[in-house]
Structures are given as C-alpha cells and as structure tokens.
Amino acid sequence: PIAYVSLPFEILFECLDTKNILYVWYALNLEQKVLLVSSQYSLLTLCAEILCSLLFPMKWSHLYIPILPKFLSPMLDAPMPYLCGVSRDILPHAIGDISDETIIVDLDKNIITVGTNTPTIPVMPTKRKTKLEHALLENTRDIFLNARGLSESDLEHEKPLAEANEIMEGADRVWQEKLQTFDDAFNMAFAPNSENAINGKNNTARDCGQSRWDVVQEAFLRFYVAILEDYRRFVSYKPTLETSSQWQSNNHVFYMKGFIAAQRSHFRPFLEDFCRTQLFDDF
C-alpha cells in the first residue's frame, strides 16, 4: 500500500527535472550529505519533506534541518549524512562550512553540484532506473515545462541557435517570476504585462490530482519492491553466533552476504552499499 501524503508534490517537480530528482533521491538512499539551496524558505521545507516521503517505505533518520539558521552553519561539515536546507541569502556565510563531500541542490536553478570528495556511489540498476524514469517522465514532465511556460513542441524539433536561446531565456524569465511568489502568503494573480501572463502556458500543472501522485509514489515503491522482494528469506528468527549479518535484534538476524549473492548481478553494487545504511537497518 502507498502511504497517503498530503504534500504538494508538484512543487519539487517544478523546481527540478526528472534526472536531478532521481539523482538526489538515489543519493539519499545511500545516505549522502545533501544540501538544498533556494531563495524561497517555503521551497526548502516542502522539497525536503517531499524527498523524504519518496523514500517510503524507508525513513530518513539522520540529521534533518530543512531551514538551517545562520549560526548553525558549522553543522554542514558534520561527519554524518544529512539533509539540510539553506536560504540563498546566508549561503555566502555558510559556504566555508560546507563539507567537500556535500551534494548541493540549487532548487532555483535546477543545478546539482557534487563536492570534490563526495563518495562515489554505485550506478543505479539499469532496468529499474529506466522503468522509474519512464514513469516520472510520463506523469510529471509537463509540470517542469509548464512552470517555465514551455511545451513539448518547444523542445521537439531542432531550432536555430538564436531561436533556441530566445526560448530558453523566455523560459528562465517565466520561472524566475513564478519563483518569487512561493513565499507569498496569498497566491496573487500575475500582472497583465508579466512574463507568466504573456508567455505562460497553463503554469498551474494540469491534472495534479491525487491519482497522478499515486502513480509517482508507486513508481518509487516498485523500485524497492524489485530490489528487496525476497529479503525475508534471509532473515532468521533463531539466536545465532554467526556474524555475517548487518543487524541482530530480538533474535532476528539478517544474512546480508547471502541476500546480496542471491540477487541479480546488476543489483549487487547498489545493495552492497544500501544494505549497510541506517535506512535499511531501520526498515
């Protein structure tokens, strides 16, 4: 079953494209240090909550501060995984404290910067990645485009460089104008001469009902189901002195090595890291 989450999922998919969302979600699965950056405080909180919800049935149990105050910026060099957020106005102050292992996610610009010493993460299992990516593109790609006043036709055909640049510049102006409204207490209408009114193509995402997000949540859940479908065969409920398990609690022992060895070869690199995470232990 999919846990019902009353969150505006479209916000995350307006900020980041599918490729970047998948990268951040995958990095969180492997307990990397992730820092969200935005000029809008509401985006930091919402996107952090949405990313955590997409980890279901796993649960993020490490340092979690969606809006990190200025005086706590030294925590960004903590020797542990974290999911934090900083507003753009305090980023210059915090930049010296950010660990060189941190993945910085710019929500305003759809840009991810990987730290110079960020641990190398294994490649996502190809078939599962393809299915997950296809489900996301089919159900959410229009949201990212609509937020920038774009449509599929704007990207389908090769255009002269000058025309392509003009389209992208217009899309950036539309997004930047929309971006400034997220922290507003009331969602005011755009002025008649605004970029959103002139170039916007239905900037409110079409058909954003719960059914669309059921499909998205289910796509992420199916990834876990495919990867962990037979893990129970490797859980023993009898006391044992063997030490080949990752965890042992209430007479439950998980035989990690046996579980990984029994999986498909393209799953194993991911599972080697994932089965050693706190997320998996808590699961």
# chains A, B, ... in the order shown; residues from 1 in each chain; ligands from 1
call {"tool": "select_by_dssp", "arguments": {"residues": "segment 42-99 of chain A", "states": "alpha helix (DSSP H)", "output": "PyMOL selection string"}}
result
chain A and resi 42-53+91-94
call {"tool": "residues_around", "arguments": {"residues": "Gln278 of chain A", "least_positions_apart": "3", "cutoff": "9 Å", "atoms": "only C-alpha atoms", "output": "list in words"}}
result
Glu31, Lys59, Trp60, Ser61, His62, Phe274, Cys275, Asp281, Asp282 and Phe283 of chain A
call {"tool": "select_by_dssp", "arguments": {"residues": "segment 29-278 of chain A", "states": "strand (DSSP E)", "output": "PyMOL selection string"}}
result
chain A and resi 33-38+63-65+82-87+102-106+111-114+235-236+245-249+252-255
call {"tool": "closest_atom_pairs", "arguments": {"of": "segment 27-115 of chain A", "to": "segment 138-150 of chain A", "cutoff": "12 Å", "atoms": "only C-alpha atoms", "output": "CSV"}}
result
residue,atom,partner,partner_atom,distance
A:Asp108,CA,A:Ala147,CA,11.9
A:Lys109,CA,A:Arg148,CA,11.6
A:Asn110,CA,A:Phe144,CA,10.2
call {"tool": "write_last_selection", "arguments": {"atoms": "all heavy atoms", "output": "mmCIF file, in the first residue's frame"}}
result
data_model
loop_
_atom_site.group_PDB
_atom_site.id
_atom_site.type_symbol
_atom_site.label_atom_id
_atom_site.label_comp_id
_atom_site.auth_asym_id
_atom_site.auth_seq_id
_atom_site.Cartn_x
_atom_site.Cartn_y
_atom_site.Cartn_z
ATOM 1 N N ASP A 108 16.400 26.725 -7.192
ATOM 2 C CA ASP A 108 16.007 27.852 -8.038
ATOM 3 C C ASP A 108 16.490 27.696 -9.475
ATOM 4 O O ASP A 108 15.854 28.185 -10.413
ATOM 5 C CB ASP A 108 16.565 29.161 -7.482
ATOM 6 C CG ASP A 108 16.034 29.484 -6.087
ATOM 7 O OD1 ASP A 108 15.093 28.799 -5.647
ATOM 8 O OD2 ASP A 108 16.567 30.419 -5.453
ATOM 9 N N LYS A 109 17.638 27.014 -9.639
ATOM 10 C CA LYS A 109 18.279 26.956 -10.957
ATOM 11 C C LYS A 109 18.326 25.542 -11.561
ATOM 12 O O LYS A 109 18.886 25.359 -12.637
ATOM 13 C CB LYS A 109 19.696 27.514 -10.865
ATOM 14 C CG LYS A 109 19.748 28.962 -10.390
ATOM 15 C CD LYS A 109 21.178 29.457 -10.260
ATOM 16 C CE LYS A 109 21.231 30.900 -9.767
ATOM 17 N NZ LYS A 109 22.626 31.388 -9.604
ATOM 18 N N ASN A 110 17.782 24.560 -10.833
ATOM 19 C CA ASN A 110 17.797 23.179 -11.325
ATOM 20 C C ASN A 110 19.224 22.713 -11.614
ATOM 21 O O ASN A 110 19.512 22.117 -12.652
ATOM 22 C CB ASN A 110 16.926 23.042 -12.582
ATOM 23 C CG ASN A 110 16.794 21.611 -13.059
ATOM 24 O OD1 ASN A 110 16.744 20.676 -12.263
ATOM 25 N ND2 ASN A 110 16.767 21.419 -14.374
#
call {"tool": "residues_around", "arguments": {"residues": "Ser39 of chain A", "least_positions_apart": "4", "cutoff": "9 Å", "atoms": "only C-alpha atoms", "output": "PyMOL selection string"}}
result
chain A and resi 43-44+86-89+107-108+179-180
call {"tool": "residues_around", "arguments": {"residues": "Thr113 of chain A", "least_positions_apart": "3", "cutoff": "9 Å", "atoms": "only C-alpha atoms", "output": "PyMOL selection string"}}
result
chain A and resi 102-106
call {"tool": "residues_around", "arguments": {"residues": "Glu133 of chain A", "least_positions_apart": "4", "cutoff": "10 Å", "atoms": "only C-alpha atoms", "output": "list in words"}}
result
Thr18, Lys19, Ile21, Leu22, Lys127, Arg128, Lys129, Leu137, Glu138, Ala219 and Phe220 of chain A
call {"tool": "atom_distance", "arguments": {"atom1": "atom CA of Leu271 of chain A", "atom2": "atom CA of Asp77 of chain A"}}
result
26.8 Å
